[in-house]
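Below: protein.cif (mmCIF, C-alpha atoms)
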```
data_final
#
loop_
_atom_site.group_PDB
_atom_site.id
_atom_site.type_symbol
_atom_site.label_atom_id
_atom_site.label_comp_id
_atom_site.auth_asym_id
_atom_site.auth_seq_id
_atom_site.Cartn_x
_atom_site.Cartn_y
_atom_site.Cartn_z
ATOM 1 C CA MET A 38 0.000 0.000 0.000
ATOM 2 C CA ASN A 39 1.493 3.357 -1.055
ATOM 3 C CA THR A 40 0.623 5.980 1.576
ATOM 4 C CA SER A 41 2.997 8.746 0.505
ATOM 5 C CA SER A 42 0.248 10.986 -0.893
ATOM 6 C CA THR A 43 -2.733 9.953 1.264
ATOM 7 C CA SER A 44 -3.879 10.610 4.773
ATOM 8 C CA LEU A 45 -4.396 7.828 7.229
ATOM 9 C CA SER A 46 -8.049 6.956 7.760
ATOM 10 C CA HIS A 47 -9.678 4.697 10.296
ATOM 11 C CA CYS A 48 -9.791 1.725 7.888
ATOM 12 C CA PRO A 49 -6.016 1.114 7.722
ATOM 13 C CA VAL A 50 -5.745 1.789 11.461
ATOM 14 C CA GLN A 51 -8.489 -0.732 12.117
ATOM 15 C CA GLU A 52 -6.604 -3.260 9.996
ATOM 16 C CA LEU A 53 -3.115 -2.468 11.350
ATOM 17 C CA LEU A 54 -3.829 -2.311 15.077
ATOM 18 C CA PRO A 55 -4.552 -6.031 15.455
ATOM 19 C CA LEU A 56 -1.276 -6.778 13.671
ATOM 20 C CA LEU A 57 0.709 -4.402 15.859
ATOM 21 C CA LEU A 58 -0.923 -5.531 19.080
ATOM 22 C CA LEU A 59 -1.222 -9.189 18.144
ATOM 23 C CA PRO A 60 0.007 -10.569 21.464
ATOM 24 C CA HIS A 61 -2.599 -8.572 23.446
ATOM 25 C CA PRO A 62 -5.574 -10.816 24.301
ATOM 26 C CA ASN A 63 -8.208 -8.035 24.411
ATOM 27 C CA ILE A 64 -7.643 -6.732 20.867
ATOM 28 C CA SER A 65 -10.356 -8.945 19.414
ATOM 29 C CA SER A 66 -12.934 -7.627 21.887
ATOM 30 C CA ILE A 67 -12.790 -4.020 20.576
ATOM 31 C CA ASP A 68 -16.177 -2.906 19.276
ATOM 32 C CA TRP A 69 -14.954 -0.824 16.319
ATOM 33 C CA ALA A 70 -18.431 0.262 15.243
ATOM 34 C CA THR A 71 -19.127 1.857 18.623
ATOM 35 C CA TRP A 72 -15.731 3.545 18.877
ATOM 36 C CA LEU A 73 -15.753 4.906 15.324
ATOM 37 C CA TYR A 74 -19.389 5.564 14.482
ATOM 38 C CA ALA A 75 -21.594 5.738 17.593
ATOM 39 C CA PRO A 76 -22.667 9.229 18.725
ATOM 40 C CA GLY A 77 -21.566 10.644 22.047
ATOM 41 C CA MET A 78 -18.613 10.024 24.268
ATOM 42 C CA PRO A 79 -16.500 6.875 23.955
ATOM 43 C CA PRO A 80 -17.646 3.994 26.169
ATOM 44 C CA TYR A 81 -14.373 3.975 28.094
ATOM 45 C CA LYS A 82 -13.337 6.741 30.440
ATOM 46 C CA PRO A 83 -9.772 6.528 31.729
ATOM 47 C CA ASN A 84 -9.024 7.257 35.361
ATOM 48 C CA PHE A 85 -7.210 10.578 35.463
ATOM 49 C CA ASP A 86 -5.175 11.733 38.415
ATOM 50 C CA SER A 87 -7.080 14.777 39.674
ATOM 51 C CA THR A 88 -4.931 15.390 42.747
ATOM 52 C CA LEU A 89 -3.691 18.775 41.542
ATOM 53 C CA ALA A 90 -7.153 19.965 40.476
ATOM 54 C CA VAL A 91 -8.626 18.887 43.811
ATOM 55 C CA LYS A 92 -6.122 21.081 45.659
ATOM 56 C CA SER A 93 -7.173 24.064 43.511
ATOM 57 C CA ARG A 94 -10.861 23.365 44.143
ATOM 58 C CA ASP A 95 -10.308 22.956 47.888
ATOM 59 C CA LEU A 96 -8.579 26.332 48.164
ATOM 60 C CA ALA A 97 -11.229 28.023 46.010
ATOM 61 C CA ASP A 98 -13.996 26.495 48.126
ATOM 62 C CA LYS A 99 -12.335 27.905 51.251
ATOM 63 C CA TRP A 100 -12.373 31.408 49.757
ATOM 64 C CA VAL A 101 -16.001 31.138 48.658
ATOM 65 C CA ALA A 102 -17.034 29.879 52.102
ATOM 66 C CA GLY A 103 -15.152 32.719 53.808
ATOM 67 C CA ASP A 104 -12.543 30.413 55.347
ATOM 68 C CA VAL A 105 -9.617 32.596 54.295
ATOM 69 C CA PRO A 106 -6.202 30.922 54.633
ATOM 70 C CA GLU A 107 -3.788 32.434 57.120
ATOM 71 C CA ASP A 108 -0.904 32.616 54.663
ATOM 72 C CA ASN A 109 -0.097 32.258 50.972
ATOM 73 C CA LYS A 110 1.947 29.061 51.328
ATOM 74 C CA GLU A 111 -0.565 26.741 49.646
ATOM 75 C CA PHE A 112 -1.148 29.091 46.696
ATOM 76 C CA GLU A 113 2.554 29.783 46.203
ATOM 77 C CA GLU A 114 3.209 26.046 45.935
ATOM 78 C CA PHE A 115 0.703 25.770 43.076
ATOM 79 C CA SER A 116 1.912 25.414 39.516
ATOM 80 C CA ALA A 117 0.709 28.007 36.992
ATOM 81 C CA GLU A 118 -1.950 25.549 35.798
ATOM 82 C CA GLN A 119 -3.231 25.060 39.346
ATOM 83 C CA LYS A 120 -3.438 28.823 39.840
ATOM 84 C CA LEU A 121 -5.460 29.113 36.639
ATOM 85 C CA GLU A 122 -7.736 26.280 37.784
ATOM 86 C CA PHE A 123 -8.185 28.031 41.150
ATOM 87 C CA LEU A 124 -9.167 31.302 39.438
ATOM 88 C CA GLY A 125 -11.429 29.501 36.969
ATOM 89 C CA ILE A 126 -13.291 27.866 39.838
ATOM 90 C CA LEU A 127 -13.713 31.255 41.532
ATOM 91 C CA LEU A 128 -15.290 32.612 38.350
ATOM 92 C CA GLU A 129 -18.093 30.021 38.642
ATOM 93 C CA PRO A 130 -19.994 31.197 41.755
ATOM 94 C CA GLU A 131 -22.227 34.246 41.691
ATOM 95 C CA LYS A 132 -19.823 36.967 42.850
ATOM 96 C CA LEU A 133 -17.054 37.268 45.386
ATOM 97 C CA GLU A 134 -17.242 40.098 47.882
ATOM 98 C CA HIS A 135 -14.867 42.998 47.300
ATOM 99 C CA GLU A 136 -13.222 42.413 50.674
ATOM 100 C CA LYS A 137 -12.298 38.863 49.640
ATOM 101 C CA LEU A 138 -10.846 40.104 46.344
ATOM 102 C CA GLU A 139 -8.764 42.706 48.170
ATOM 103 C CA MET A 140 -7.523 40.135 50.718
ATOM 104 C CA MET A 141 -6.756 37.672 47.926
ATOM 105 C CA ASP A 142 -4.801 40.317 46.022
ATOM 106 C CA LYS A 143 -2.917 41.345 49.141
ATOM 107 C CA MET A 144 -2.105 37.725 50.053
ATOM 108 C CA TYR A 145 -1.260 36.403 46.557
ATOM 109 C CA SER A 146 -0.206 39.622 44.708
ATOM 110 C CA LEU A 147 -2.520 38.691 41.827
ATOM 111 C CA SER A 148 -2.848 42.231 40.440
ATOM 112 C CA THR A 149 0.911 42.373 39.915
ATOM 113 C CA SER A 150 1.362 38.827 38.658
ATOM 114 C CA PRO A 151 3.936 38.557 35.864
ATOM 115 C CA ASN A 152 1.829 35.695 34.450
ATOM 116 C CA THR A 153 -0.677 37.355 32.104
ATOM 117 C CA GLU A 154 -3.041 34.375 32.267
ATOM 118 C CA VAL A 155 -3.205 34.584 36.072
ATOM 119 C CA LEU A 156 -3.704 38.353 35.991
ATOM 120 C CA PHE A 157 -6.415 37.955 33.344
ATOM 121 C CA GLY A 158 -8.284 35.383 35.448
ATOM 122 C CA PHE A 159 -8.143 37.615 38.514
ATOM 123 C CA ILE A 160 -9.388 40.634 36.566
ATOM 124 C CA ARG A 161 -12.349 38.663 35.187
ATOM 125 C CA ILE A 162 -13.347 37.656 38.727
ATOM 126 C CA GLY A 163 -13.125 41.324 39.771
ATOM 127 C CA ILE A 164 -15.218 42.548 36.831
ATOM 128 C CA LYS A 165 -17.879 39.952 37.591
ATOM 129 C CA ALA A 166 -17.971 41.223 41.188
ATOM 130 C CA ARG A 167 -18.079 44.871 39.964
ATOM 131 C CA TRP A 168 -14.867 45.605 41.860
ATOM 132 C CA GLU A 169 -13.696 49.066 40.753
ATOM 133 C CA ARG A 170 -9.995 48.226 40.794
ATOM 134 C CA SER A 171 -10.560 45.475 38.217
ATOM 135 C CA VAL A 172 -11.582 48.048 35.605
ATOM 136 C CA GLU A 173 -8.257 49.880 35.734
ATOM 137 C CA LEU A 174 -6.369 46.568 35.812
ATOM 138 C CA GLY A 175 -8.373 45.258 32.853
ATOM 139 C CA LEU A 176 -7.928 48.377 30.739
ATOM 140 C CA ASP A 177 -4.213 48.413 31.516
ATOM 141 C CA LEU A 178 -3.897 44.755 30.512
ATOM 142 C CA ALA A 179 -5.904 45.303 27.325
ATOM 143 C CA THR A 180 -3.758 48.251 26.195
ATOM 144 C CA ARG A 181 -0.448 46.739 27.300
ATOM 145 C CA GLN A 182 -1.064 43.176 26.096
ATOM 146 C CA GLY A 183 -3.467 43.795 23.231
ATOM 147 C CA ARG A 184 -4.134 40.145 22.341
ATOM 148 C CA MET A 185 -7.739 39.422 21.435
ATOM 149 C CA LYS A 186 -7.526 36.324 23.625
ATOM 150 C CA PHE A 187 -7.491 38.701 26.593
ATOM 151 C CA CYS A 188 -9.198 41.843 25.264
ATOM 152 C CA ARG A 189 -12.401 40.333 23.898
ATOM 153 C CA PRO A 190 -13.439 38.504 27.115
ATOM 154 C CA LEU A 191 -12.533 41.510 29.265
ATOM 155 C CA PHE A 192 -14.663 43.903 27.241
ATOM 156 C CA LYS A 193 -17.451 41.326 26.944
ATOM 157 C CA ASP A 194 -17.454 40.817 30.731
ATOM 158 C CA ARG A 195 -17.694 44.566 31.183
ATOM 159 C CA LEU A 196 -20.709 44.985 28.856
ATOM 160 C CA GLY A 197 -23.249 44.488 31.633
ATOM 161 C CA TRP A 198 -21.611 47.082 33.867
ATOM 162 C CA GLU A 199 -23.526 50.217 32.867
ATOM 163 C CA GLU A 200 -21.486 52.601 35.061
ATOM 164 C CA ARG A 201 -18.354 51.700 33.049
ATOM 165 C CA GLU A 202 -19.984 51.495 29.608
ATOM 166 C CA GLY A 203 -18.014 54.085 27.594
ATOM 167 C CA GLN A 204 -14.698 53.883 29.427
ATOM 168 C CA GLY A 205 -13.306 51.014 27.355
ATOM 169 C CA GLU A 206 -13.962 52.757 24.048
ATOM 170 C CA GLU A 207 -12.101 55.873 25.203
ATOM 171 C CA VAL A 208 -9.091 53.818 26.247
ATOM 172 C CA LEU A 209 -9.078 51.875 22.980
ATOM 173 C CA ARG A 210 -9.239 55.065 20.893
ATOM 174 C CA GLY A 211 -6.330 56.487 22.916
ATOM 175 C CA ALA A 212 -4.260 53.326 22.512
ATOM 176 C CA ARG A 213 -4.966 52.862 18.807
ATOM 177 C CA GLY A 214 -2.052 55.037 17.635
ATOM 178 C CA ARG A 215 0.526 53.617 20.057
ATOM 179 C CA ARG A 216 0.968 50.222 18.391
#
```
Rewrite the structure from the file as structure tokens, please.
Amino acid sequence: MNTSSTSLSHCPVQELLPLLLLPHPNISSIDWATWLYAPGMPPYKPNFDSTLAVKSRDLADKWVAGDVPEDNKEFEEFSAEQKLEFLGILLEPEKLEHEKLEMMDKMYSLSTSPNTEVLFGFIRIGIKARWERSVELGLDLATRQGRMKFCRPLFKDRLGWEEREGQGEEVLRGARGRR
């Protein structure tokens, strides 16, 4: 079979896998029709290690419940992905109180984070809570960073905040000539 100018489809894979995995006893029990053609999720769900995500959720749940940690040790030990998971979880509930956002910023220095993704997540939580400081942080990030990945969600989040309606347009017009 000459495959130099063709893409690999499921048919050759379906034919080759039994040859490659010949010694494995379960290869003949694969229900190819279900895996390749049935709608929905595959019938098999692997067991993923969620240890790191659980730590993020536990810390976020503490903040939502008002059980504020005494220090920043747990958060500082998080990887960047865990910090993003933590902030993503905090975006889910209704709104965080402004006092919690201020304590969180003071404890974790989120408003000065060198990681743009972390700063972006924190700003979105602040905008959702209608925390005034988040507007200046968001506009600064949008003009400094400028990527649509960050700008579009920030301005979309701010749409429902009538008191701040025209402020973003003014900033964007001012920043337009600087790039």
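Using the PyMOL selection byres ((chain A and resi 125-131) around 9) on this structure selects Ser93, Arg94, Ala97, Asp98, Trp100, Val101, Lys120, Leu121, Glu122, Phe123, Leu124, Lys132, Leu133, Gly158, Phe159, Arg161, Ile162, Lys165 and Ala166 of chain A.
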>> Between CA of Asp177 (chain A) and CA of Ile164 (chain A), what distance in Å does the model show, to one decimal?
In response: 13.6 Å
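Within the 9 Å cut-off around region 183-192 of chain A, using all atoms listed in the file and omitting residues fewer than 6 positions from it on the same chain, the listed residues are A:Thr153, A:Glu154, A:Phe157, A:Ile160, A:Arg161, A:Ile164, A:Gly175, A:Leu176, A:Gly205.
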>> Quick check on the file I pasted: which residues fall under the PyMOL selection byres ((chain A and resi 170) around 10)? Write them as a PyMOL selection string.
In response: chain A and resi 135+138-139+148+160+163-164+167-169+171-175
Restricted to C-alpha atoms, what would the selected residues look like written as a compact mmCIF listing (two decimals), in the coordinates of the input?
```txt
# COMPACT_ATOMS: atom_id res chain seq x y z
CA HIS A 135 -14.87 43.00 47.30
CA LEU A 138 -10.85 40.10 46.34
CA GLU A 139 -8.76 42.71 48.17
CA SER A 148 -2.85 42.23 40.44
CA ILE A 160 -9.39 40.63 36.57
CA GLY A 163 -13.12 41.32 39.77
CA ILE A 164 -15.22 42.55 36.83
CA ARG A 167 -18.08 44.87 39.96
CA TRP A 168 -14.87 45.60 41.86
CA GLU A 169 -13.70 49.07 40.75
CA SER A 171 -10.56 45.48 38.22
CA VAL A 172 -11.58 48.05 35.60
CA GLU A 173 -8.26 49.88 35.73
CA LEU A 174 -6.37 46.57 35.81
CA GLY A 175 -8.37 45.26 32.85
```
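The environment of region 142-145 of chain A within 8 Å, counting all atoms listed in the file and disregarding residues fewer than 4 places along the same chain, consists of Asp108, Asn109, Phe112, Glu113 and Leu138 of chain A.
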> Hey, can you check how far CA of Asp86 (chain A) sits from CA of Gln119 (chain A)?
Replying inline: 13.5 Å
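We find CA of Lys193 (chain A) and CA of Leu178 (chain A) to be spaced 14.4 Å apart.
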